[in-house]
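As stored in model-v1.txt (compact mmCIF, C-alpha atoms):
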# COMPACT_ATOMS: atom_id res chain seq x y z
CA MET A 23 17.42 8.64 -32.97
CA ILE A 24 14.44 9.38 -30.75
CA PRO A 25 11.25 10.98 -32.08
CA ALA A 26 9.70 13.96 -30.30
CA SER A 27 7.05 13.08 -27.71
CA PHE A 28 3.48 12.61 -28.81
CA GLU A 29 0.14 11.46 -27.47
CA TYR A 30 -0.99 8.09 -28.77
CA SER A 31 -4.46 6.82 -29.56
CA CYS A 32 -5.33 3.39 -30.79
CA PRO A 33 -8.95 3.42 -32.02
CA LYS A 34 -10.71 0.12 -32.64
CA SER A 35 -13.10 1.44 -35.29
CA LEU A 36 -13.04 3.81 -38.22
CA SER A 37 -15.67 6.08 -36.64
CA GLU A 38 -13.57 6.35 -33.49
CA ALA A 39 -10.51 7.22 -35.59
CA ILE A 40 -12.42 9.92 -37.48
CA ALA A 41 -13.69 11.41 -34.22
CA LEU A 42 -10.11 11.55 -32.91
CA LEU A 43 -8.92 13.23 -36.13
CA ALA A 44 -11.72 15.79 -35.80
CA GLN A 45 -10.68 16.44 -32.20
CA TYR A 46 -6.94 16.91 -32.87
CA GLY A 47 -7.09 18.39 -36.38
CA SER A 48 -3.84 19.07 -38.15
CA ASP A 49 -1.83 18.28 -34.98
CA ALA A 50 -2.55 14.61 -35.61
CA LYS A 51 -1.08 12.11 -38.05
CA ILE A 52 -2.40 8.68 -38.97
CA LEU A 53 -0.02 5.83 -38.15
CA ALA A 54 -0.44 2.87 -40.51
CA GLY A 55 2.65 0.78 -41.36
CA GLY A 56 4.86 3.62 -40.16
CA GLN A 57 7.64 2.86 -42.63
CA SER A 58 7.74 6.43 -43.94
CA LEU A 59 6.32 8.29 -40.94
CA ILE A 60 8.53 6.77 -38.24
CA PRO A 61 11.82 7.50 -40.09
CA LEU A 62 10.61 11.09 -40.63
CA MET A 63 9.76 11.40 -36.92
CA LYS A 64 13.14 9.97 -35.92
CA LEU A 65 14.85 12.57 -38.11
CA ARG A 66 12.52 15.19 -36.52
CA MET A 67 11.36 16.18 -39.98
CA ALA A 68 7.89 15.41 -38.63
CA SER A 69 6.82 16.00 -35.03
CA PRO A 70 3.07 15.35 -34.82
CA LYS A 71 1.54 16.01 -31.39
CA HIS A 72 -0.84 13.08 -31.72
CA LEU A 73 -0.56 9.77 -33.48
CA ILE A 74 -3.72 7.87 -34.32
CA ASP A 75 -2.73 4.26 -34.83
CA ILE A 76 -5.21 2.64 -37.22
CA ASN A 77 -3.56 -0.79 -37.18
CA ARG A 78 -6.19 -2.19 -34.78
CA ILE A 79 -9.10 -1.32 -37.05
CA GLY A 80 -10.00 -4.77 -38.23
CA ASP A 81 -11.76 -4.36 -41.54
CA LEU A 82 -9.25 -2.32 -43.56
CA SER A 83 -7.10 -5.14 -44.91
CA TYR A 84 -8.48 -7.05 -47.91
CA ILE A 85 -8.02 -7.68 -51.63
CA ARG A 86 -11.25 -8.52 -53.45
CA GLU A 87 -13.04 -8.17 -56.76
CA THR A 88 -16.62 -6.92 -56.54
CA ASP A 89 -18.94 -5.26 -59.05
CA GLY A 90 -16.28 -4.69 -61.69
CA VAL A 91 -13.82 -3.22 -59.21
CA LEU A 92 -10.68 -4.57 -57.58
CA ALA A 93 -10.91 -3.18 -54.04
CA ILE A 94 -7.80 -3.07 -51.86
CA GLY A 95 -8.15 -2.12 -48.19
CA ALA A 96 -5.85 0.73 -47.19
CA LEU A 97 -4.18 -1.32 -44.44
CA THR A 98 -3.24 -4.16 -46.81
CA ARG A 99 0.50 -4.77 -46.38
CA GLU A 100 2.78 -4.80 -49.41
CA SER A 101 3.74 -8.37 -48.51
CA ASP A 102 0.03 -9.34 -48.69
CA LEU A 103 -0.13 -7.99 -52.25
CA ASP A 104 3.10 -9.83 -53.05
CA ALA A 105 1.63 -13.10 -51.73
CA SER A 106 -1.84 -12.74 -53.28
CA GLU A 107 -2.57 -15.31 -56.02
CA LEU A 108 -5.23 -13.01 -57.49
CA ILE A 109 -2.72 -10.15 -57.80
CA ARG A 110 0.06 -12.40 -59.16
CA LYS A 111 -2.14 -13.99 -61.81
CA LYS A 112 -4.45 -11.20 -62.89
CA TYR A 113 -2.66 -7.97 -61.99
CA PRO A 114 1.05 -8.46 -62.70
CA ILE A 115 1.50 -4.66 -62.83
CA ILE A 116 0.45 -4.40 -59.16
CA HIS A 117 2.55 -7.41 -58.20
CA GLU A 118 5.60 -5.92 -59.93
CA THR A 119 5.02 -2.65 -58.09
CA ALA A 120 4.60 -4.16 -54.61
CA ALA A 121 7.60 -6.45 -55.12
CA VAL A 122 10.06 -3.57 -55.64
CA ILE A 123 8.93 -1.32 -52.78
CA ALA A 124 11.72 -0.87 -50.23
CA ASP A 125 12.81 -4.35 -49.02
CA PRO A 126 11.06 -7.52 -47.76
CA LEU A 127 11.21 -6.45 -44.07
CA VAL A 128 9.71 -3.05 -44.76
CA ARG A 129 7.04 -4.66 -46.96
CA ASN A 130 5.84 -6.73 -43.98
CA MET A 131 4.77 -3.48 -42.29
CA ALA A 132 4.22 -0.96 -45.09
CA THR A 133 0.66 -0.45 -46.35
CA VAL A 134 -0.79 0.37 -49.77
CA GLY A 135 -2.91 3.18 -48.33
CA GLY A 136 0.12 4.73 -46.66
CA ASN A 137 2.14 4.52 -49.86
CA LEU A 138 -0.52 6.66 -51.59
CA ALA A 139 -1.56 8.99 -48.75
CA HIS A 140 2.07 9.91 -48.01
CA ALA A 141 2.20 11.38 -51.56
CA ASP A 142 5.92 10.96 -51.94
CA PRO A 143 6.65 11.23 -55.69
CA ALA A 144 9.31 8.55 -55.13
CA ASN A 145 6.74 6.02 -53.90
CA ASP A 146 5.86 3.27 -56.35
CA HIS A 147 2.10 2.71 -56.11
CA PRO A 148 1.05 6.18 -57.33
CA ALA A 149 2.34 5.69 -60.90
CA THR A 150 0.71 2.26 -61.15
CA MET A 151 -2.60 3.46 -59.74
CA LEU A 152 -2.51 6.44 -62.13
CA ALA A 153 -1.96 4.09 -65.06
CA LEU A 154 -4.82 1.85 -63.87
CA GLY A 155 -7.22 4.80 -63.50
CA ALA A 156 -7.80 4.00 -59.84
CA GLU A 157 -9.65 6.03 -57.25
CA VAL A 158 -9.43 6.11 -53.47
CA VAL A 159 -12.17 6.19 -50.88
CA ALA A 160 -11.85 8.92 -48.26
CA VAL A 161 -13.94 8.79 -45.09
CA GLY A 162 -14.36 11.85 -42.90
CA PRO A 163 -16.83 13.58 -40.59
CA LYS A 164 -18.95 14.63 -43.58
CA GLY A 165 -19.19 11.09 -44.90
CA THR A 166 -17.56 9.10 -47.67
CA ARG A 167 -16.29 10.33 -51.03
CA LYS A 168 -14.18 9.01 -53.86
CA ILE A 169 -11.15 10.81 -55.23
CA ALA A 170 -9.67 9.90 -58.61
CA LEU A 171 -5.93 9.22 -58.40
CA ARG A 172 -5.52 11.80 -61.14
CA GLU A 173 -6.78 14.43 -58.67
CA LEU A 174 -5.20 13.02 -55.50
CA PHE A 175 -1.67 14.44 -55.66
CA THR A 176 -1.75 18.21 -55.31
CA GLY A 177 1.90 18.85 -54.43
CA LEU A 178 4.97 17.43 -52.75
CA PHE A 179 3.74 15.21 -49.88
CA THR A 180 0.32 16.83 -50.32
CA THR A 181 -2.98 15.25 -51.30
CA ALA A 182 -6.57 16.28 -51.90
CA LEU A 183 -7.53 14.51 -48.65
CA ASP A 184 -8.97 16.89 -46.06
CA ALA A 185 -7.23 17.00 -42.65
CA GLY A 186 -10.16 15.10 -41.13
CA GLU A 187 -10.29 12.35 -43.75
CA ILE A 188 -8.80 8.86 -43.77
CA LEU A 189 -7.98 6.98 -46.96
CA THR A 190 -9.71 3.62 -46.48
CA GLU A 191 -9.74 1.84 -49.84
CA ILE A 192 -8.20 1.83 -53.31
CA ARG A 193 -10.59 0.99 -56.14
CA ILE A 194 -9.32 -0.17 -59.52
CA PRO A 195 -11.72 -0.73 -62.40
CA ILE A 196 -11.20 -4.36 -63.45
CA PRO A 197 -9.58 -4.07 -66.89
CA PRO A 198 -11.61 -5.54 -69.77
CA PRO A 199 -10.31 -8.54 -71.79
CA HIS A 200 -7.19 -7.89 -73.91
CA SER A 201 -5.68 -5.65 -71.25
CA GLY A 202 -2.19 -5.79 -69.80
CA GLY A 203 0.15 -3.72 -67.68
CA ALA A 204 3.72 -3.57 -66.42
CA TYR A 205 5.81 -1.63 -63.89
CA LEU A 206 9.51 -1.18 -64.55
CA LYS A 207 11.84 0.44 -62.02
CA VAL A 208 15.51 1.31 -62.07
CA GLU A 209 16.94 1.48 -58.56
CA ARG A 210 20.56 1.59 -57.42
CA LYS A 211 20.00 -1.20 -54.90
CA VAL A 212 17.19 -2.97 -53.09
CA GLY A 213 15.62 -0.57 -50.62
CA ASP A 214 16.42 2.58 -52.56
CA PHE A 215 13.81 4.79 -54.13
CA ALA A 216 13.52 4.69 -57.91
CA THR A 217 16.03 6.60 -59.99
CA ALA A 218 13.05 6.49 -62.34
CA ALA A 219 10.18 4.08 -62.90
CA VAL A 220 7.28 3.74 -65.30
CA ALA A 221 3.87 2.06 -65.09
CA ALA A 222 1.98 1.30 -68.30
CA GLN A 223 -1.50 -0.15 -68.76
CA ILE A 224 -3.01 -0.92 -72.17
CA THR A 225 -6.30 -2.29 -73.50
CA LEU A 226 -6.24 -3.52 -77.10
CA ASP A 227 -8.96 -3.78 -79.72
CA GLY A 228 -7.26 -5.99 -82.28
CA ASN A 229 -3.94 -4.19 -82.62
CA THR A 230 -5.40 -0.78 -81.74
CA CYS A 231 -4.83 0.82 -78.32
CA LYS A 232 -8.34 1.28 -76.93
CA SER A 233 -7.15 2.68 -73.62
CA VAL A 234 -3.72 3.79 -72.42
CA GLY A 235 -2.47 4.66 -68.94
CA ILE A 236 1.09 5.80 -68.21
CA GLY A 237 2.40 6.85 -64.78
CA LEU A 238 5.91 8.08 -63.88
CA THR A 239 7.72 7.67 -60.53
CA ASN A 240 10.22 10.09 -58.96
CA VAL A 241 10.68 12.48 -61.85
CA GLY A 242 8.85 15.50 -60.47
CA LEU A 243 7.31 17.06 -57.37
CA THR A 244 4.31 14.74 -57.66
CA PRO A 245 3.73 11.37 -59.29
CA ILE A 246 3.14 12.21 -62.96
CA ARG A 247 0.46 10.98 -65.31
CA ALA A 248 1.99 11.16 -68.79
CA SER A 249 -1.29 12.26 -70.37
CA ARG A 250 0.19 13.57 -73.63
CA ALA A 251 1.99 10.29 -74.18
CA GLU A 252 -1.25 8.44 -73.42
CA LYS A 253 -3.09 10.53 -76.01
CA ALA A 254 -0.37 9.97 -78.59
CA LEU A 255 -0.97 6.22 -78.45
CA LEU A 256 -4.74 6.19 -77.95
CA GLY A 257 -6.62 4.90 -81.00
CA LYS A 258 -3.32 4.10 -82.73
CA ALA A 259 -1.78 0.79 -83.72
CA ALA A 260 0.31 -0.86 -81.00
CA ASP A 261 3.42 -0.85 -83.16
CA ASP A 262 7.06 0.10 -82.60
CA LYS A 263 6.85 3.50 -84.25
CA ASN A 264 3.90 4.63 -82.09
CA ILE A 265 5.45 3.16 -78.92
CA GLN A 266 8.67 5.05 -79.58
CA GLU A 267 6.78 8.28 -80.13
CA ALA A 268 4.77 7.82 -76.88
CA ALA A 269 8.01 7.07 -75.01
CA ARG A 270 9.63 10.21 -76.41
CA ILE A 271 6.67 12.32 -75.27
CA ALA A 272 6.61 10.69 -71.81
CA ALA A 273 10.26 11.74 -71.37
CA GLU A 274 9.23 15.32 -72.22
CA GLU A 275 6.49 15.19 -69.60
CA ALA A 276 8.94 14.11 -66.87
CA GLU A 277 10.28 16.93 -64.72
CA PRO A 278 13.31 15.35 -63.03
CA SER A 279 16.04 17.19 -61.19
CA ASP A 280 19.72 16.40 -60.71
CA ASP A 281 20.54 14.49 -57.53
CA LEU A 282 22.81 11.71 -56.29
CA ARG A 283 20.79 9.17 -58.27
CA GLY A 284 21.61 10.86 -61.56
CA SER A 285 21.33 13.95 -63.72
CA ALA A 286 18.01 15.21 -65.01
CA ASP A 287 19.08 14.27 -68.57
CA TYR A 288 19.90 10.72 -67.50
CA LYS A 289 16.53 10.33 -65.75
CA ARG A 290 14.68 11.68 -68.76
CA SER A 291 16.51 9.18 -70.90
CA LEU A 292 15.55 6.43 -68.44
CA ILE A 293 11.89 7.45 -68.67
CA ARG A 294 12.02 7.20 -72.47
CA VAL A 295 13.58 3.74 -72.40
CA LEU A 296 11.44 2.41 -69.54
CA THR A 297 8.22 3.75 -71.08
CA GLY A 298 9.01 1.93 -74.33
CA ARG A 299 9.77 -1.31 -72.49
CA ALA A 300 6.74 -1.04 -70.18
CA LEU A 301 4.42 -0.38 -73.12
CA ARG A 302 5.84 -3.36 -75.04
CA GLN A 303 5.42 -5.60 -71.99
CA ALA A 304 1.87 -4.30 -71.39
CA ILE A 305 0.94 -4.90 -75.04
CA SER A 306 2.42 -8.38 -75.00
CA ARG A 307 0.39 -9.22 -71.88
CA ALA A 308 -2.76 -7.72 -73.39
CA LYS A 309 -2.33 -10.03 -76.40
CA GLU A 310 -2.00 -13.09 -74.13
CA GLN A 311 -5.41 -12.48 -72.60
CA MET B 12 3.09 12.86 -22.35
CA SER B 13 1.08 10.02 -20.96
CA LYS B 14 2.57 6.59 -20.80
CA GLN B 15 0.89 3.55 -22.26
CA LYS B 16 0.58 0.19 -20.62
CA ILE B 17 1.56 -2.57 -23.01
CA ARG B 18 1.69 -6.33 -22.80
CA VAL B 19 4.02 -8.00 -25.25
CA THR B 20 4.95 -11.67 -25.44
CA VAL B 21 8.67 -11.92 -26.16
CA ASN B 22 10.19 -15.33 -26.86
CA GLY B 23 7.16 -16.96 -25.21
CA THR B 24 7.23 -14.87 -22.03
CA ALA B 25 4.58 -12.20 -21.40
CA HIS B 26 5.99 -8.81 -20.35
CA GLU B 27 4.02 -5.84 -19.08
CA ALA B 28 5.45 -2.36 -19.08
CA GLU B 29 4.49 1.31 -18.99
CA VAL B 30 6.17 2.99 -21.92
CA GLU B 31 6.30 6.34 -23.64
CA PRO B 32 4.50 6.04 -26.99
CA ARG B 33 7.66 7.24 -28.73
CA LEU B 34 9.71 4.33 -27.39
CA LEU B 35 10.94 2.33 -30.38
CA LEU B 36 10.43 -1.41 -30.31
CA VAL B 37 14.18 -2.01 -30.51
CA HIS B 38 14.77 0.17 -27.43
CA PHE B 39 12.00 -1.66 -25.57
CA ILE B 40 13.68 -4.98 -26.39
CA ARG B 41 17.24 -3.86 -25.57
CA GLU B 42 16.74 -1.40 -22.72
CA VAL B 43 13.51 -2.38 -20.98
CA LEU B 44 13.85 -6.15 -21.40
CA SER B 45 17.69 -6.15 -21.50
CA LEU B 46 17.70 -8.45 -24.52
CA THR B 47 20.74 -7.01 -26.27
CA GLY B 48 21.05 -9.67 -28.96
CA THR B 49 18.97 -7.46 -31.25
CA HIS B 50 21.35 -4.85 -32.66
CA ILE B 51 20.91 -1.26 -33.75
CA GLY B 52 22.84 -0.67 -36.96
CA CYS B 53 21.89 2.20 -39.23
CA ASP B 54 18.85 3.38 -37.25
CA THR B 55 17.40 4.56 -40.59
CA THR B 56 15.40 1.52 -41.80
CA SER B 57 18.17 0.43 -44.13
CA CYS B 58 20.33 -2.32 -42.62
CA GLY B 59 18.11 -4.88 -40.88
CA ALA B 60 20.46 -5.49 -37.91
CA CYS B 61 17.42 -4.85 -35.68
CA THR B 62 15.24 -7.50 -37.38
CA VAL B 63 12.85 -9.32 -35.05
CA LEU B 64 9.75 -11.36 -35.77
CA LEU B 65 6.45 -9.65 -35.05
CA ASP B 66 3.67 -12.26 -35.09
CA GLY B 67 6.07 -14.43 -37.08
CA LYS B 68 7.02 -11.88 -39.72
CA PRO B 69 10.47 -10.28 -39.88
CA VAL B 70 10.34 -6.50 -39.38
CA LYS B 71 12.78 -3.72 -38.57
CA SER B 72 12.35 -3.02 -34.86
CA CYS B 73 13.98 0.43 -35.22
CA THR B 74 10.97 1.38 -37.36
CA ALA B 75 8.12 0.38 -35.09
CA PHE B 76 6.92 1.80 -31.79
CA ALA B 77 6.73 -0.58 -28.83
CA VAL B 78 3.04 0.31 -28.49
CA MET B 79 2.47 -1.23 -31.93
CA ALA B 80 3.54 -4.59 -30.46
CA ASP B 81 0.94 -4.43 -27.67
CA GLY B 82 -0.91 -7.74 -27.48
CA ARG B 83 1.37 -9.28 -30.10
CA GLU B 84 4.22 -11.80 -30.14
CA VAL B 85 7.83 -10.83 -30.67
CA MET B 86 10.67 -13.26 -31.25
CA THR B 87 14.28 -12.14 -30.94
CA VAL B 88 17.56 -13.95 -31.55
CA GLU B 89 17.51 -15.04 -27.89
CA GLY B 90 14.40 -17.06 -28.67
CA LEU B 91 16.15 -19.31 -31.20
CA GLU B 92 18.03 -21.59 -28.79
CA LYS B 93 15.80 -24.12 -27.00
CA ASP B 94 16.91 -26.09 -23.91
CA GLY B 95 20.58 -25.43 -24.58
CA LYS B 96 20.30 -26.64 -28.16
CA LEU B 97 21.00 -24.29 -31.05
CA ASP B 98 18.29 -23.81 -33.64
CA ARG B 99 19.19 -25.16 -37.10
CA ILE B 100 19.66 -21.60 -38.36
CA GLN B 101 22.25 -20.90 -35.61
CA ASP B 102 23.94 -24.22 -36.34
CA GLY B 103 24.00 -23.33 -40.04
CA PHE B 104 25.77 -20.01 -39.37
CA HIS B 105 28.21 -21.87 -37.08
CA GLN B 106 28.97 -24.66 -39.56
CA GLU B 107 29.24 -22.49 -42.67
CA HIS B 108 31.09 -19.56 -41.07
CA GLY B 109 28.11 -17.28 -41.77
CA LEU B 110 29.53 -14.40 -39.75
CA GLN B 111 32.65 -12.30 -39.66
CA CYS B 112 32.19 -9.34 -37.31
CA GLY B 113 28.78 -10.74 -36.27
CA PHE B 114 26.92 -7.45 -36.17
CA CYS B 115 24.32 -8.28 -38.83
CA THR B 116 24.03 -11.90 -37.67
CA PRO B 117 21.01 -11.65 -35.32
CA GLY B 118 18.99 -9.94 -38.04
CA MET B 119 20.21 -12.32 -40.75
CA MET B 120 19.26 -15.31 -38.60
CA MET B 121 15.79 -13.99 -37.80
CA THR B 122 15.12 -13.32 -41.49
CA GLY B 123 16.52 -16.76 -42.39
CA TYR B 124 14.44 -18.42 -39.66
CA ALA B 125 11.24 -16.76 -40.94
CA LEU B 126 12.08 -17.68 -44.54
CA LEU B 127 12.48 -21.38 -43.72
CA LYS B 128 9.18 -21.38 -41.81
CA GLN B 129 7.43 -20.01 -44.88
CA ASN B 130 9.47 -21.79 -47.55
CA PRO B 131 11.23 -24.96 -46.28
CA SER B 132 13.27 -25.50 -49.46
CA PRO B 133 14.23 -22.10 -50.82
CA SER B 134 16.39 -21.71 -53.92
CA GLU B 135 19.53 -19.58 -53.71
CA GLY B 136 17.52 -16.85 -55.43
CA ASP B 137 14.74 -17.10 -52.82
CA ILE B 138 17.33 -16.74 -50.04
CA ARG B 139 19.05 -13.75 -51.63
CA TRP B 140 15.64 -12.12 -52.20
CA ALA B 141 14.59 -12.76 -48.58
CA ILE B 142 17.76 -11.23 -47.08
CA SER B 143 17.82 -8.28 -49.48
CA GLY B 144 16.76 -6.00 -46.61
CA ASN B 145 19.60 -7.19 -44.36
CA LEU B 146 23.03 -5.67 -44.99
CA CYS B 147 26.36 -7.27 -44.10
CA ARG B 148 29.17 -4.71 -44.00
CA CYS B 149 31.73 -7.52 -44.10
CA THR B 150 30.03 -8.47 -47.38
CA GLY B 151 29.93 -12.09 -46.24
CA TYR B 152 26.85 -12.89 -48.27
CA VAL B 153 28.18 -16.07 -49.89
CA ASN B 154 28.59 -17.78 -46.53
CA ILE B 155 25.36 -16.31 -45.18
CA VAL B 156 23.49 -17.88 -48.09
CA LYS B 157 25.33 -21.18 -47.49
CA SER B 158 24.40 -21.01 -43.79
CA ILE B 159 20.70 -20.69 -44.59
CA GLN B 160 21.02 -23.51 -47.16
CA HIS B 161 22.71 -25.65 -44.49
CA ALA B 162 19.83 -24.96 -42.10
CA ALA B 163 17.27 -25.82 -44.78
CA GLN B 164 18.78 -29.33 -45.03
CA LYS B 165 18.03 -29.96 -41.33
CA PRO B 166 14.59 -30.68 -39.85
CA ALA B 167 12.87 -27.78 -38.06
CA GLN B 168 12.81 -28.01 -34.27
This structure in structure tokens:
Amino acid sequence: MIPASFEYSCPKSLSEAIALLAQYGSDAKILAGGQSLIPLMKLRMASPKHLIDINRIGDLSYIRETDGVLAIGALTRESDLDASELIRKKYPIIHETAAVIADPLVRNMATVGGNLAHADPANDHPATMLALGAEVVAVGPKGTRKIALRELFTGLFTTALDAGEILTEIRIPIPPPHSGGAYLKVERKVGDFATAAVAAQITLDGNTCKSVGIGLTNVGLTPIRASRAEKALLGKAADDKNIQEAARIAAEEAEPSDDLRGSADYKRSLIRVLTGRALRQAISRAKEQ
Amino acid sequence: MSKQKIRVTVNGTAHEAEVEPRLLLVHFIREVLSLTGTHIGCDTTSCGACTVLLDGKPVKSCTAFAVMADGREVMTVEGLEKDGKLDRIQDGFHQEHGLQCGFCTPGMMMTGYALLKQNPSPSEGDIRWAISGNLCRCTGYVNIVKSIQHAAQKPAQ
């Protein structure tokens, strides 16, 4: 399959890339890892007139902790997250997420920024970043701003990013002591999107849930923050009864539809079970810290 | 649409070409360079028959534009054999009957080659994880895993 023709630019700096975006407007798309965009272009579901390849911009790939924030450069490859000792040891929820995205070959190209900016509700990072209370940095002609993940996804494949803006960084508040998280995904086979998946992040004060984040993958038109389920557990004891109740509510908040991966009822049931398991795993990790 | 001049090192040889930006890396390799060892299977980022190494990392060449390889190094299955001697990964597939129809084999070998560079003594689980993006329609996975294990027993060239 051959994509439609396009003009290609390969800026060496962020400012050059932003100038090109301003010049071409909505006719242009950003090319990062290309693992979602190129398949869409081959299927002619996307036919951008200009591609702005940001892969040569040197300073957009990093994983570092600074000033209470874990900062991940938008061009960081999934395989870099998978290989990072910091991520493996301190952020198992992010490691578990990166490790189940597509397959190892795709992960060598695919980027974290692309996974979020593409705003596919089936992508895995959004739920995890929702649970972690992350924000993204957007740079455009008017300067730099931060967008909370909770406000990023405005519709199917649609974000709060302006046409002239580039997502450059993901910022995650470093969780306080006694925090833990987990990402659990059910997929038919490696490389498939989730039938359903759940991210859970907990901070404990003794046995009380001091903060709760729950994100749901591929059970609606956007990634879903299960805010009612979060509230149900907040300030409560991290016990089985409360976990079960939060899981039940999370399943209510899911808005799945029937497709080849399963019926809506089945997916809702998956969300209930996975939310319970992810919360238990998150709580167990929070207690280890 | 304007063409782009690219310079890509493939199996150690520098190649220059003027290409349309939409030219996929796999088409550049097969049609411009006439290296037809790299196969096109599903053409939808699923099967891994088109796997090549880009700066040492296995990627699906049906899901990259040739312009993205400008200034970078590509290694294809043709780059495995050196001076008439098979690489240990090729020898492993030969010795352990790691192929039936052979269509997935170039991709499987490139992924296996990259795995052994990164992890010289992989467990069976490591191998199965590494090749989880490469599909074999003959379902010959048992022998493919054995082939990579066979190669891991031999010194790298």
* To do: Give as a PyMOL selection string every residue of chain A that touches chain B within 9 Å, counting only C-alpha atoms.
  => chain A and resi 23-30+55-58+60-61+64-65+75+77+124-131+212-214
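Minimum atom-to-atom distances from A:Ala153, A:Ala268, A:Ala222, A:Ala304 to His200 (chain A) were compared using all atoms listed in the file, and the lowest value belongs to A:Ala304.
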* Between CA of Ser48 (chain A) and CA of Gly165 (chain A), what is the distance, to one decimal in Å? -> 18.6 Å
* Asked: Counting all atoms listed in the file, which of A:Glu118, A:Asp104, A:Asp49, A:Asp146 gets nearest to Gly203 (chain A)?
  ->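 Closest residue, counting all atoms listed in the file: A:Glu118.
For the choices B:Arg139, B:Arg148, B:Lys93, B:Lys128, the atom-to-atom distance to Pro166 (chain B) is smallest for B:Lys128 when using all atoms listed in the file.
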* Asked: CA of Val21 (chain B) and CA of Asp98 (chain B) are how many Å apart?
  ->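 The value is 17.0 Å.
Using all atoms listed in the file, the smallest distance between any of B:Lys96, B:His108, B:His161, B:Arg18 and Pro133 (chain B) comes from B:His161.
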* What separation in Å, quoted to one decimal, exists between CA of Glu107 (chain B) and CA of Glu89 (chain B)? ->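 It comes out at 20.3 Å.
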Would you mind putting back N, CA and C atoms on region 60-74 of chain A, then writing it out as a tab-separated table (two decimals), in the frame of the given file?
chain	number	residue	atom	x	y	z
A	60	ILE	N	7.62	6.93	-39.39
A	60	ILE	CA	8.53	6.77	-38.24
A	60	ILE	C	9.95	7.26	-38.57
A	61	PRO	N	10.51	6.90	-39.74
A	61	PRO	CA	11.82	7.50	-40.09
A	61	PRO	C	11.78	9.03	-40.10
A	62	LEU	N	10.71	9.62	-40.61
A	62	LEU	CA	10.61	11.09	-40.63
A	62	LEU	C	10.56	11.64	-39.22
A	63	MET	N	9.86	10.94	-38.32
A	63	MET	CA	9.76	11.40	-36.92
A	63	MET	C	11.10	11.24	-36.21
A	64	LYS	N	11.83	10.16	-36.54
A	64	LYS	CA	13.14	9.97	-35.92
A	64	LYS	C	14.12	11.07	-36.35
A	65	LEU	N	14.00	11.49	-37.60
A	65	LEU	CA	14.85	12.57	-38.11
A	65	LEU	C	14.33	13.94	-37.69
A	66	ARG	N	13.20	13.96	-36.96
A	66	ARG	CA	12.52	15.19	-36.52
A	66	ARG	C	12.12	16.08	-37.70
A	67	MET	N	11.93	15.44	-38.86
A	67	MET	CA	11.36	16.18	-39.98
A	67	MET	C	9.86	16.24	-39.83
A	68	ALA	N	9.31	15.35	-39.00
A	68	ALA	CA	7.89	15.41	-38.63
A	68	ALA	C	7.81	15.25	-37.12
A	69	SER	N	7.00	16.09	-36.48
A	69	SER	CA	6.82	16.00	-35.03
A	69	SER	C	5.34	16.16	-34.69
A	70	PRO	N	4.50	15.23	-35.13
A	70	PRO	CA	3.07	15.35	-34.82
A	70	PRO	C	2.84	15.27	-33.31
A	71	LYS	N	1.84	16.02	-32.83
A	71	LYS	CA	1.54	16.01	-31.39
A	71	LYS	C	0.73	14.78	-31.01
A	72	HIS	N	-0.02	14.27	-31.97
A	72	HIS	CA	-0.84	13.08	-31.72
A	72	HIS	C	-0.64	12.07	-32.84
A	73	LEU	N	-0.54	10.83	-32.47
A	73	LEU	CA	-0.56	9.77	-33.48
A	73	LEU	C	-1.81	8.94	-33.28
A	74	ILE	N	-2.52	8.72	-34.37
A	74	ILE	CA	-3.72	7.87	-34.32
A	74	ILE	C	-3.36	6.59	-35.07
